[in-house]
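Colleague: Next up is a structure, given as structure tokens.
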Amino acid sequence: MQVYNTLGKKKEEFTPLKEGEVGMYVCGPTVYDLSHLGHARTYIAFDMIVRYLRVRGYKVCYVVNITDIDDKIIARARELGEAPQALAKRFEAEFFADMDTLGMLRADHYPKVSGHMPEIIKIIERLLEKGCAYRAGGDVYFSVDLAVGYGRLSGQSAEEMLAGARVEVNPLKRNQLDFALWKGAKGGEPSWESPWGPGRPGWHVECSAMGVKYLGEQFDIHGGALDLIFPHHENEIQQSEGATGKGPFVRYWLHTGFLLVKGEKMSKSLGNFITIKDVLKGHDPEALRLFFLSVHYRSPIDFEYQNLQNAEKNLERLYNALNFVDRIEKSTDEIKGIKDILESHKNKFYSAMDDDFNTSKALSHVYELTGEIFKIGPKAKADDLLSLRDFLGEVGYIFGILQREPQIKGLEEALRALAISLGIELAAATDYRGAIEAVIAARETLRRGKEYAAADRIRQELMGMGVILEDSKDGPVWRLKRAPRGASSS
RNA sequence: GCCGGGGUAGUCUAGGGGCUAGGCAGCGGACUGCAGAUCCGCUUUACGUGAGUUCGAAUCUCACCCCCGGCUCCA
């Protein structure tokens, strides 16, 4: 399996530190506002990666941090006249609600800055002891000049960065690229006690402290969107390796590309952001997942409703294939070559996924296979069907799609009412399947008598209760409508 | 200024020295009481421009044009 490592800027064979186990840390949200589509893109990408690694047999420990202490939180809280911690808690809850709606696997840990002050302080102390950091005023700064290999992740030297940088001059810093490990408290801000007086941690140090705590001083994968490469991840490497004396802190750095809106970067500061909730008001979360995963995770993706609708259509086709496989009469007639077709597409799918999680290419093989599935016709060997189903199930798991459940709540009662209105007597033991069959049989009688208006009305009513009826060449076929989870769908 | 990613048929997205892309849209057929689903065919040997290397370039090299991003906070 190959992954693209930002550190080194090339694809590398993936070999975890401990065989069969993967430690993975992804930079989570700063909870000061609703999560937007950019967050969704990034977290869906890493969700897919975790799922795929697990399918590949790795035991993954997945950590996503929540930044709940931060300048922006304080600023927003001030604007709204709310306590910073209360605001952070509120948006944290919103974040989890969005992630659940998107069908995200829960991470194994969601560490928060506010819960890890001792660990953070300890790292800063170690950095001070080793001479990597210095105190100035009530602050503590990391000294970039003393660091080894600064700029190795972002691929730029310190001088170059400084040359074009738009950094505000801070007289307390020895080098303007130095960054705060600890910020002394200013009036009215939340603060914690420390050996350097009351204050709060700088932005980058939390990830070093929490990464080390949950995954060890060195671990396998660290992810985030590419805007975090500099300065956040660059600084994280320096802090972590400086404090532990071990390197590399992280073996593989994975970064997702940006989400663009009409060709421009979407960001909170530009104010052109679309929240996850906005989009999910009228669209299926699985379609959004498929939309994101139909582009490679490192490429920029331009969000357009038109393209999301496209994903919706693709999703429907996949569901149709799934329904088709379910519906096929299990026969012992062997369809020539189907086993080979499945194997070959399956292999192509996995080799695409093994190549830096190329979901786009992998999906193209799935679409090809769905075409083959439809061509199989109504008969296939039971074994072949099961393996087709299994494969679609694997695809569904990896992409987090095809998880819609048929709705059977209240169905039986509704069917009984319909049956009565049609003058059909149902035995007490008849379940919804039996009821559907009975109604359909009655409708067939009407159709044969060319009473199409009545027959169409029954089909309409069944549709209303979530039973889709289609008249095929081989007679009527029914299936249950699968309801998108989460918000209402279009 | 420095560092990246791109420009692929109407459109979106992969690929990346000879293997002719996947989806969607459109059009025309098949099936069909209607609806739905599906199939077949067409649009369709496409790769920003100019040069070079090569038996052969969309792919490699060079130059140029255009788009987007990073070097401040960001996912």
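Quick note on naming: the chains in the structure tokens go A, B, ... in the order shown, residues restart at 1 in each chain, and ligands are numbered from 1 in order of appearance.
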Taking only range 206-453 of chain A into account, list the residues labelled strand (DSSP E) by DSSP (computed from the backbone), as number ranges by chain.
Modeller: A: 219-225, 250-256, 259-261, 264-265, 301-303, 329-331, 379-381, 405-406
Colleague: Report as a ChimeraX atom specification all protein, DNA and RNA residues lying within 8 Å of Gly103 in chain A, evaluated on only C-alpha atoms (C1' of nucleotides), omitting residues in the same chain fewer than 6 positions from it.
Modeller: /A:285-286,400
Colleague: Only N, CA and C atoms, please: the residues just picked out, written as a tab-separated table (two decimals), in the first residue's frame.
Modeller:
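Output saved as out.tsv:
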chain	number	residue	atom	x	y	z
A	285	PRO	N	-26.93	12.98	2.95
A	285	PRO	CA	-25.55	12.94	3.40
A	285	PRO	C	-24.69	11.93	2.64
A	286	GLU	N	-25.28	10.83	2.23
A	286	GLU	CA	-24.49	9.84	1.48
A	286	GLU	C	-24.08	10.40	0.13
A	400	GLY	N	-18.77	4.71	3.23
A	400	GLY	CA	-19.80	5.20	4.14
A	400	GLY	C	-21.09	5.51	3.41
Colleague: Write down, as an mmCIF file with N, CA and C atoms (P, O5', C5', C4', C3', O3' and C1' of nucleotides), in the first residue's frame, each residue of chain B that has any atom within 10 Å of an atom of chain A, counting only C-alpha atoms (C1' of nucleotides).
Modeller:
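Written output follows (iface_31.cif):
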data_model
loop_
_atom_site.group_PDB
_atom_site.id
_atom_site.type_symbol
_atom_site.label_atom_id
_atom_site.label_comp_id
_atom_site.auth_asym_id
_atom_site.auth_seq_id
_atom_site.Cartn_x
_atom_site.Cartn_y
_atom_site.Cartn_z
ATOM 1 P P G B 1 7.899 37.791 -9.188
ATOM 2 O "O5'" G B 1 8.751 37.565 -7.834
ATOM 3 C "C5'" G B 1 10.085 38.060 -7.751
ATOM 4 C "C4'" G B 1 10.632 37.656 -6.411
ATOM 5 C "C3'" G B 1 10.471 36.180 -6.086
ATOM 6 O "O3'" G B 1 11.562 35.439 -6.590
ATOM 7 C "C1'" G B 1 9.651 37.461 -4.281
ATOM 8 P P C B 2 11.335 33.994 -7.243
ATOM 9 O "O5'" C B 2 11.095 33.091 -5.956
ATOM 10 C "C5'" C B 2 12.159 32.855 -5.030
ATOM 11 C "C4'" C B 2 11.608 32.147 -3.831
ATOM 12 C "C3'" C B 2 10.825 30.885 -4.153
ATOM 13 O "O3'" C B 2 11.682 29.781 -4.372
ATOM 14 C "C1'" C B 2 9.594 32.184 -2.611
ATOM 15 P P C B 3 11.214 28.624 -5.378
ATOM 16 O "O5'" C B 3 10.082 27.904 -4.540
ATOM 17 C "C5'" C B 3 10.416 27.184 -3.365
ATOM 18 C "C4'" C B 3 9.163 26.622 -2.771
ATOM 19 C "C3'" C B 3 8.329 25.767 -3.717
ATOM 20 O "O3'" C B 3 8.875 24.475 -3.841
ATOM 21 C "C1'" C B 3 6.903 27.234 -2.532
ATOM 22 P P G B 4 8.523 23.583 -5.107
ATOM 23 O "O5'" G B 4 7.148 22.980 -4.646
ATOM 24 C "C5'" G B 4 6.045 23.062 -5.512
ATOM 25 C "C4'" G B 4 4.814 22.707 -4.750
ATOM 26 C "C3'" G B 4 3.711 22.213 -5.655
ATOM 27 O "O3'" G B 4 3.795 20.805 -5.778
ATOM 28 C "C1'" G B 4 2.923 24.057 -4.418
ATOM 29 P P G B 5 3.606 20.169 -7.242
ATOM 30 O "O5'" G B 5 2.032 20.282 -7.417
ATOM 31 C "C5'" G B 5 1.163 19.711 -6.446
ATOM 32 C "C4'" G B 5 -0.252 20.106 -6.751
ATOM 33 C "C3'" G B 5 -0.688 19.914 -8.191
ATOM 34 O "O3'" G B 5 -1.038 18.573 -8.438
ATOM 35 C "C1'" G B 5 -1.399 22.033 -7.432
ATOM 36 P P G B 6 -0.843 17.961 -9.895
ATOM 37 O "O5'" G B 6 -2.195 18.469 -10.547
ATOM 38 C "C5'" G B 6 -2.138 19.313 -11.656
ATOM 39 C "C4'" G B 6 -3.450 20.020 -11.773
ATOM 40 C "C3'" G B 6 -3.857 20.288 -13.203
ATOM 41 O "O3'" G B 6 -4.649 19.199 -13.661
ATOM 42 C "C1'" G B 6 -3.818 22.335 -12.015
ATOM 43 P P U B 11 -17.420 22.034 -21.590
ATOM 44 O "O5'" U B 11 -17.980 21.321 -20.291
ATOM 45 C "C5'" U B 11 -18.873 22.006 -19.407
ATOM 46 C "C4'" U B 11 -19.333 21.063 -18.323
ATOM 47 C "C3'" U B 11 -18.206 20.434 -17.506
ATOM 48 O "O3'" U B 11 -17.808 21.292 -16.453
ATOM 49 C "C1'" U B 11 -19.710 18.748 -18.187
ATOM 50 P P C B 12 -16.290 21.228 -15.952
ATOM 51 O "O5'" C B 12 -16.355 19.986 -14.954
ATOM 52 C "C5'" C B 12 -17.128 20.074 -13.757
ATOM 53 C "C4'" C B 12 -17.193 18.712 -13.113
ATOM 54 C "C3'" C B 12 -15.854 18.031 -12.860
ATOM 55 O "O3'" C B 12 -15.213 18.552 -11.713
ATOM 56 C "C1'" C B 12 -17.354 16.470 -13.770
ATOM 57 P P U B 13 -13.654 18.383 -11.548
ATOM 58 O "O5'" U B 13 -13.583 16.796 -11.518
ATOM 59 C "C5'" U B 13 -13.496 16.075 -10.319
ATOM 60 C "C4'" U B 13 -13.343 14.619 -10.661
ATOM 61 C "C3'" U B 13 -11.922 14.199 -10.990
ATOM 62 O "O3'" U B 13 -11.226 13.997 -9.769
ATOM 63 C "C1'" U B 13 -13.392 13.260 -12.579
ATOM 64 P P A B 14 -9.700 13.899 -9.738
ATOM 65 O "O5'" A B 14 -9.543 12.367 -10.104
ATOM 66 C "C5'" A B 14 -8.461 11.948 -10.826
ATOM 67 C "C4'" A B 14 -8.625 10.493 -11.159
ATOM 68 C "C3'" A B 14 -7.347 9.925 -11.736
ATOM 69 O "O3'" A B 14 -6.515 9.485 -10.692
ATOM 70 C "C1'" A B 14 -9.147 9.381 -13.144
ATOM 71 P P G B 15 -5.000 9.835 -10.724
ATOM 72 O "O5'" G B 15 -4.556 9.119 -12.071
ATOM 73 C "C5'" G B 15 -4.518 7.704 -12.128
ATOM 74 C "C4'" G B 15 -4.340 7.263 -13.550
ATOM 75 C "C3'" G B 15 -3.016 7.668 -14.185
ATOM 76 O "O3'" G B 15 -2.059 6.678 -13.856
ATOM 77 C "C1'" G B 15 -4.787 8.148 -15.686
ATOM 78 P P A B 21 -12.035 2.821 -24.474
ATOM 79 O "O5'" A B 21 -12.263 3.736 -23.206
ATOM 80 C "C5'" A B 21 -11.515 4.888 -22.977
ATOM 81 C "C4'" A B 21 -11.237 4.954 -21.492
ATOM 82 C "C3'" A B 21 -12.476 5.118 -20.613
ATOM 83 O "O3'" A B 21 -13.027 3.852 -20.290
ATOM 84 C "C1'" A B 21 -10.824 6.704 -19.994
ATOM 85 P P G B 22 -14.563 3.595 -20.351
ATOM 86 O "O5'" G B 22 -15.082 4.096 -18.934
ATOM 87 C "C5'" G B 22 -15.221 3.186 -17.854
ATOM 88 C "C4'" G B 22 -15.668 3.938 -16.632
ATOM 89 C "C3'" G B 22 -16.972 4.714 -16.787
ATOM 90 O "O3'" G B 22 -18.111 3.891 -16.645
ATOM 91 C "C1'" G B 22 -15.368 6.114 -15.812
ATOM 92 P P G B 23 -19.467 4.340 -17.362
ATOM 93 O "O5'" G B 23 -19.940 5.587 -16.492
ATOM 94 C "C5'" G B 23 -20.385 5.380 -15.158
ATOM 95 C "C4'" G B 23 -20.577 6.708 -14.490
ATOM 96 C "C3'" G B 23 -21.657 7.595 -15.063
ATOM 97 O "O3'" G B 23 -22.935 7.174 -14.638
ATOM 98 C "C1'" G B 23 -19.746 8.887 -14.604
ATOM 99 P P C B 24 -24.171 7.297 -15.599
ATOM 100 O "O5'" C B 24 -24.469 8.865 -15.580
ATOM 101 C "C5'" C B 24 -24.824 9.513 -14.366
ATOM 102 C "C4'" C B 24 -24.765 11.011 -14.549
ATOM 103 C "C3'" C B 24 -25.569 11.559 -15.708
ATOM 104 O "O3'" C B 24 -26.946 11.663 -15.383
ATOM 105 C "C1'" C B 24 -23.443 12.546 -15.741
ATOM 106 P P A B 25 -28.026 11.470 -16.502
ATOM 107 O "O5'" A B 25 -27.835 12.784 -17.382
ATOM 108 C "C5'" A B 25 -28.181 14.054 -16.844
ATOM 109 C "C4'" A B 25 -27.781 15.131 -17.806
ATOM 110 C "C3'" A B 25 -28.394 14.988 -19.193
ATOM 111 O "O3'" A B 25 -29.706 15.508 -19.219
ATOM 112 C "C1'" A B 25 -26.088 15.426 -19.393
ATOM 113 P P C B 31 -39.452 -3.522 -28.484
ATOM 114 O "O5'" C B 31 -39.434 -3.662 -26.906
ATOM 115 C "C5'" C B 31 -38.999 -4.881 -26.291
ATOM 116 C "C4'" C B 31 -38.964 -4.708 -24.797
ATOM 117 C "C3'" C B 31 -40.277 -4.214 -24.191
ATOM 118 O "O3'" C B 31 -41.178 -5.296 -23.977
ATOM 119 C "C1'" C B 31 -38.480 -2.957 -23.306
ATOM 120 P P U B 32 -42.685 -5.193 -24.428
ATOM 121 O "O5'" U B 32 -43.273 -4.094 -23.443
ATOM 122 C "C5'" U B 32 -43.390 -4.364 -22.054
ATOM 123 C "C4'" U B 32 -43.775 -3.097 -21.346
ATOM 124 C "C3'" U B 32 -45.046 -2.443 -21.847
ATOM 125 O "O3'" U B 32 -46.176 -3.030 -21.216
ATOM 126 C "C1'" U B 32 -43.337 -0.811 -21.577
ATOM 127 P P G B 33 -47.528 -3.103 -22.015
ATOM 128 O "O5'" G B 33 -47.985 -1.579 -22.117
ATOM 129 C "C5'" G B 33 -48.849 -1.152 -23.162
ATOM 130 C "C4'" G B 33 -49.738 -0.053 -22.674
ATOM 131 C "C3'" G B 33 -49.027 1.079 -21.929
ATOM 132 O "O3'" G B 33 -48.483 2.019 -22.831
ATOM 133 C "C1'" G B 33 -50.933 0.417 -20.712
ATOM 134 P P C B 34 -47.000 2.582 -22.576
ATOM 135 O "O5'" C B 34 -47.188 3.472 -21.262
ATOM 136 C "C5'" C B 34 -47.883 4.719 -21.343
ATOM 137 C "C4'" C B 34 -48.149 5.233 -19.950
ATOM 138 C "C3'" C B 34 -46.908 5.483 -19.105
ATOM 139 O "O3'" C B 34 -46.301 6.722 -19.423
ATOM 140 C "C1'" C B 34 -48.519 4.357 -17.819
ATOM 141 P P A B 35 -44.718 6.842 -19.404
ATOM 142 O "O5'" A B 35 -44.394 6.638 -17.852
ATOM 143 C "C5'" A B 35 -44.710 7.664 -16.904
ATOM 144 C "C4'" A B 35 -44.477 7.158 -15.511
ATOM 145 C "C3'" A B 35 -43.061 6.684 -15.214
ATOM 146 O "O3'" A B 35 -42.198 7.764 -14.942
ATOM 147 C "C1'" A B 35 -44.591 5.104 -14.394
ATOM 148 P P G B 36 -40.695 7.729 -15.474
ATOM 149 O "O5'" G B 36 -40.041 6.601 -14.551
ATOM 150 C "C5'" G B 36 -39.932 6.785 -13.134
ATOM 151 C "C4'" G B 36 -39.567 5.480 -12.497
ATOM 152 C "C3'" G B 36 -38.250 4.875 -12.967
ATOM 153 O "O3'" G B 36 -37.156 5.467 -12.305
ATOM 154 C "C1'" G B 36 -39.898 3.208 -12.952
ATOM 155 P P A B 37 -35.783 5.656 -13.089
ATOM 156 O "O5'" A B 37 -35.210 4.175 -13.161
ATOM 157 C "C5'" A B 37 -34.835 3.510 -11.964
ATOM 158 C "C4'" A B 37 -34.614 2.059 -12.253
ATOM 159 C "C3'" A B 37 -33.588 1.759 -13.331
ATOM 160 O "O3'" A B 37 -32.263 1.862 -12.855
ATOM 161 C "C1'" A B 37 -35.495 0.433 -13.678
ATOM 162 P P U B 38 -31.094 2.307 -13.802
ATOM 163 O "O5'" U B 38 -31.036 1.092 -14.835
ATOM 164 C "C5'" U B 38 -30.565 -0.174 -14.398
ATOM 165 C "C4'" U B 38 -30.777 -1.185 -15.492
ATOM 166 C "C3'" U B 38 -30.076 -0.905 -16.805
ATOM 167 O "O3'" U B 38 -28.704 -1.243 -16.758
ATOM 168 C "C1'" U B 38 -32.285 -1.549 -17.252
ATOM 169 P P C B 39 -27.684 -0.535 -17.699
ATOM 170 O "O5'" C B 39 -27.938 -1.296 -19.071
ATOM 171 C "C5'" C B 39 -27.740 -2.703 -19.179
ATOM 172 C "C4'" C B 39 -28.218 -3.161 -20.522
ATOM 173 C "C3'" C B 39 -27.585 -2.437 -21.703
ATOM 174 O "O3'" C B 39 -26.335 -3.007 -22.027
ATOM 175 C "C1'" C B 39 -29.920 -2.488 -22.003
ATOM 176 P P C B 67 -5.836 34.229 -14.999
ATOM 177 O "O5'" C B 67 -6.350 32.893 -14.294
ATOM 178 C "C5'" C B 67 -7.687 32.470 -14.451
ATOM 179 C "C4'" C B 67 -7.888 31.159 -13.747
ATOM 180 C "C3'" C B 67 -7.554 31.160 -12.265
ATOM 181 O "O3'" C B 67 -8.575 31.755 -11.493
ATOM 182 C "C1'" C B 67 -6.653 29.222 -13.261
ATOM 183 P P C B 68 -8.201 32.543 -10.178
ATOM 184 O "O5'" C B 68 -7.811 31.359 -9.193
ATOM 185 C "C5'" C B 68 -8.812 30.433 -8.785
ATOM 186 C "C4'" C B 68 -8.172 29.313 -8.026
ATOM 187 C "C3'" C B 68 -7.337 29.716 -6.823
ATOM 188 O "O3'" C B 68 -8.130 30.103 -5.717
ATOM 189 C "C1'" C B 68 -6.188 28.058 -8.025
ATOM 190 P P G B 69 -7.556 31.164 -4.694
ATOM 191 O "O5'" G B 69 -6.479 30.318 -3.883
ATOM 192 C "C5'" G B 69 -6.935 29.312 -3.001
ATOM 193 C "C4'" G B 69 -5.801 28.408 -2.643
ATOM 194 C "C3'" G B 69 -4.738 28.991 -1.736
ATOM 195 O "O3'" G B 69 -5.184 29.099 -0.400
ATOM 196 C "C1'" G B 69 -3.707 27.717 -3.411
ATOM 197 P P G B 70 -4.605 30.243 0.501
ATOM 198 O "O5'" G B 70 -3.171 29.670 0.879
ATOM 199 C "C5'" G B 70 -3.063 28.498 1.665
ATOM 200 C "C4'" G B 70 -1.613 28.161 1.851
ATOM 201 C "C3'" G B 70 -0.760 29.291 2.398
ATOM 202 O "O3'" G B 70 -0.890 29.412 3.802
ATOM 203 C "C1'" G B 70 0.344 28.324 0.571
ATOM 204 P P C B 71 -0.736 30.837 4.451
ATOM 205 O "O5'" C B 71 0.812 31.135 4.257
ATOM 206 C "C5'" C B 71 1.781 30.321 4.918
ATOM 207 C "C4'" C B 71 3.155 30.816 4.590
ATOM 208 C "C3'" C B 71 3.408 32.274 4.930
ATOM 209 O "O3'" C B 71 3.756 32.365 6.306
ATOM 210 C "C1'" C B 71 4.243 31.797 2.777
ATOM 211 P P U B 72 3.589 33.664 7.155
ATOM 212 O "O5'" U B 72 2.331 33.416 8.087
ATOM 213 C "C5'" U B 72 1.350 33.422 8.087
ATOM 214 C "C4'" U B 72 0.567 34.303 9.066
ATOM 215 C "C3'" U B 72 -0.807 33.665 9.301
ATOM 216 O "O3'" U B 72 -0.747 32.670 10.348
ATOM 217 C "C1'" U B 72 -1.077 35.888 8.613
ATOM 218 P P C B 73 -0.770 32.156 11.520
ATOM 219 O "O5'" C B 73 -2.338 32.024 11.711
ATOM 220 C "C5'" C B 73 -2.914 32.362 12.964
ATOM 221 C "C4'" C B 73 -4.391 32.344 12.801
ATOM 222 C "C3'" C B 73 -4.961 31.060 12.209
ATOM 223 O "O3'" C B 73 -5.001 30.062 13.202
ATOM 224 C "C1'" C B 73 -6.037 32.915 11.252
ATOM 225 P P C B 74 -4.960 28.530 12.744
ATOM 226 O "O5'" C B 74 -6.052 28.403 11.585
ATOM 227 C "C5'" C B 74 -7.077 27.488 11.720
ATOM 228 C "C4'" C B 74 -8.210 27.850 10.792
ATOM 229 C "C3'" C B 74 -8.663 26.691 9.920
ATOM 230 O "O3'" C B 74 -10.051 26.604 9.923
ATOM 231 C "C1'" C B 74 -8.106 28.565 8.582
ATOM 232 P P A B 75 -10.666 25.624 11.047
ATOM 233 O "O5'" A B 75 -10.604 24.255 10.257
ATOM 234 C "C5'" A B 75 -10.545 23.031 10.970
ATOM 235 C "C4'" A B 75 -9.990 22.032 9.963
ATOM 236 C "C3'" A B 75 -8.640 22.457 9.429
ATOM 237 O "O3'" A B 75 -7.603 21.914 10.194
ATOM 238 C "C1'" A B 75 -10.132 21.930 7.639
#
Colleague: Just the residues within 8 Å of G48 in chain B, please, counting only C-alpha atoms (C1' of nucleotides), with nothing from its chain fewer than 4 positions along; format it as a list in words.
Modeller: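 So, after excluding close chain neighbours, the residues are G7, C65 and C66 of chain B.
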Colleague: Those residues with C-alpha atoms (C1' of nucleotides), as a PDB file, in the first residue's frame please?
Modeller:
ATOM      1  C1'   G B   7      -5.763  23.227 -17.554  1.00  0.00           C
ATOM      2  C1'   C B  65      -0.381  31.588 -21.526  1.00  0.00           C
ATOM      3  C1'   C B  66      -4.321  30.943 -18.080  1.00  0.00           C
TER       4        C B  66
END
Colleague: Need the shell around G50 in chain B: protein/DNA/RNA residues with any atom at most 12 Å away, counting only C-alpha atoms (C1' of nucleotides). Skip same-chain ones fewer than 4 positions apart. Format as an MDAnalysis selection string?
Modeller: chainID B and resid 62:65
Colleague: Could you check the closest approach to Arg433 in chain A for each of A:Leu280, A:Val144, A:Val467, A:Val60 and tell me which residue wins, using only C-alpha atoms?
Modeller: A:Val467
Colleague: Suppose you want the space between CA of Phe95 in chain A and CA of Val64 in chain A; what is it in Å?
Modeller: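 About the pair CA of Phe95 in chain A and CA of Val64 in chain A: they are 12.0 Å apart.
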Colleague: Leaving out Asn5 in chain A and any residue of its chain fewer than 2 positions from it, which residues lie within 6 Å of it when counting only C-alpha atoms (C1' of nucleotides), given as a PyMOL selection string?
Modeller: chain A and resi 7+9-11+252-254
Colleague: One decimal, Å: what's the distance from CA of Ala147 in chain A over to CA of Ile121 in chain A, could you say?
Modeller: 19.8 Å
Colleague: Which one is closest to Gly216 in chain A: A:Ile341, A:Val63, A:Leu146, A:Leu177? Count only C-alpha atoms.
Modeller: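 Smallest separation from Gly216 in chain A among the options: A:Val63.
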Colleague: I want to know what sits within 12 Å of G16 in chain B, based on only C-alpha atoms (C1' of nucleotides), with residues of the same chain fewer than 4 positions away left out; could you give that as a PyMOL selection string?
Modeller: chain B and resi 8+21+47+57-60
Colleague: Let me see the file: selected residues, C-alpha atoms (C1' of nucleotides), as a PDB file, in the first residue's frame.
Modeller:
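Result written to again31.pdb:
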ATOM      1  C1'   U B   8      -8.540  15.833 -20.212  1.00  0.00           C
ATOM      2  C1'   A B  21     -10.824   6.704 -19.994  1.00  0.00           C
ATOM      3  C1'   C B  47      -5.673  15.910 -22.898  1.00  0.00           C
ATOM      4  C1'   A B  57       4.183  12.293 -26.548  1.00  0.00           C
ATOM      5  C1'   A B  58      -1.978  13.638 -23.441  1.00  0.00           C
ATOM      6  C1'   U B  59       2.183  11.455 -20.577  1.00  0.00           C
ATOM      7  C1'   C B  60       9.181  13.247 -20.575  1.00  0.00           C
TER       8        C B  60
END
Colleague: In range 256-397 of chain A, what's helix (DSSP H, G or I) per DSSP? Answer as a PyMOL selection string?
Modeller: chain A and resi 276-280+285-293+305-327+338-354+359-376+382-397
Colleague: Take CA of Asp139 in chain A and CA of Met210 in chain A and report the distance between them in Å, one decimal.
Modeller: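 Here the two named atoms are 20.9 Å from each other.
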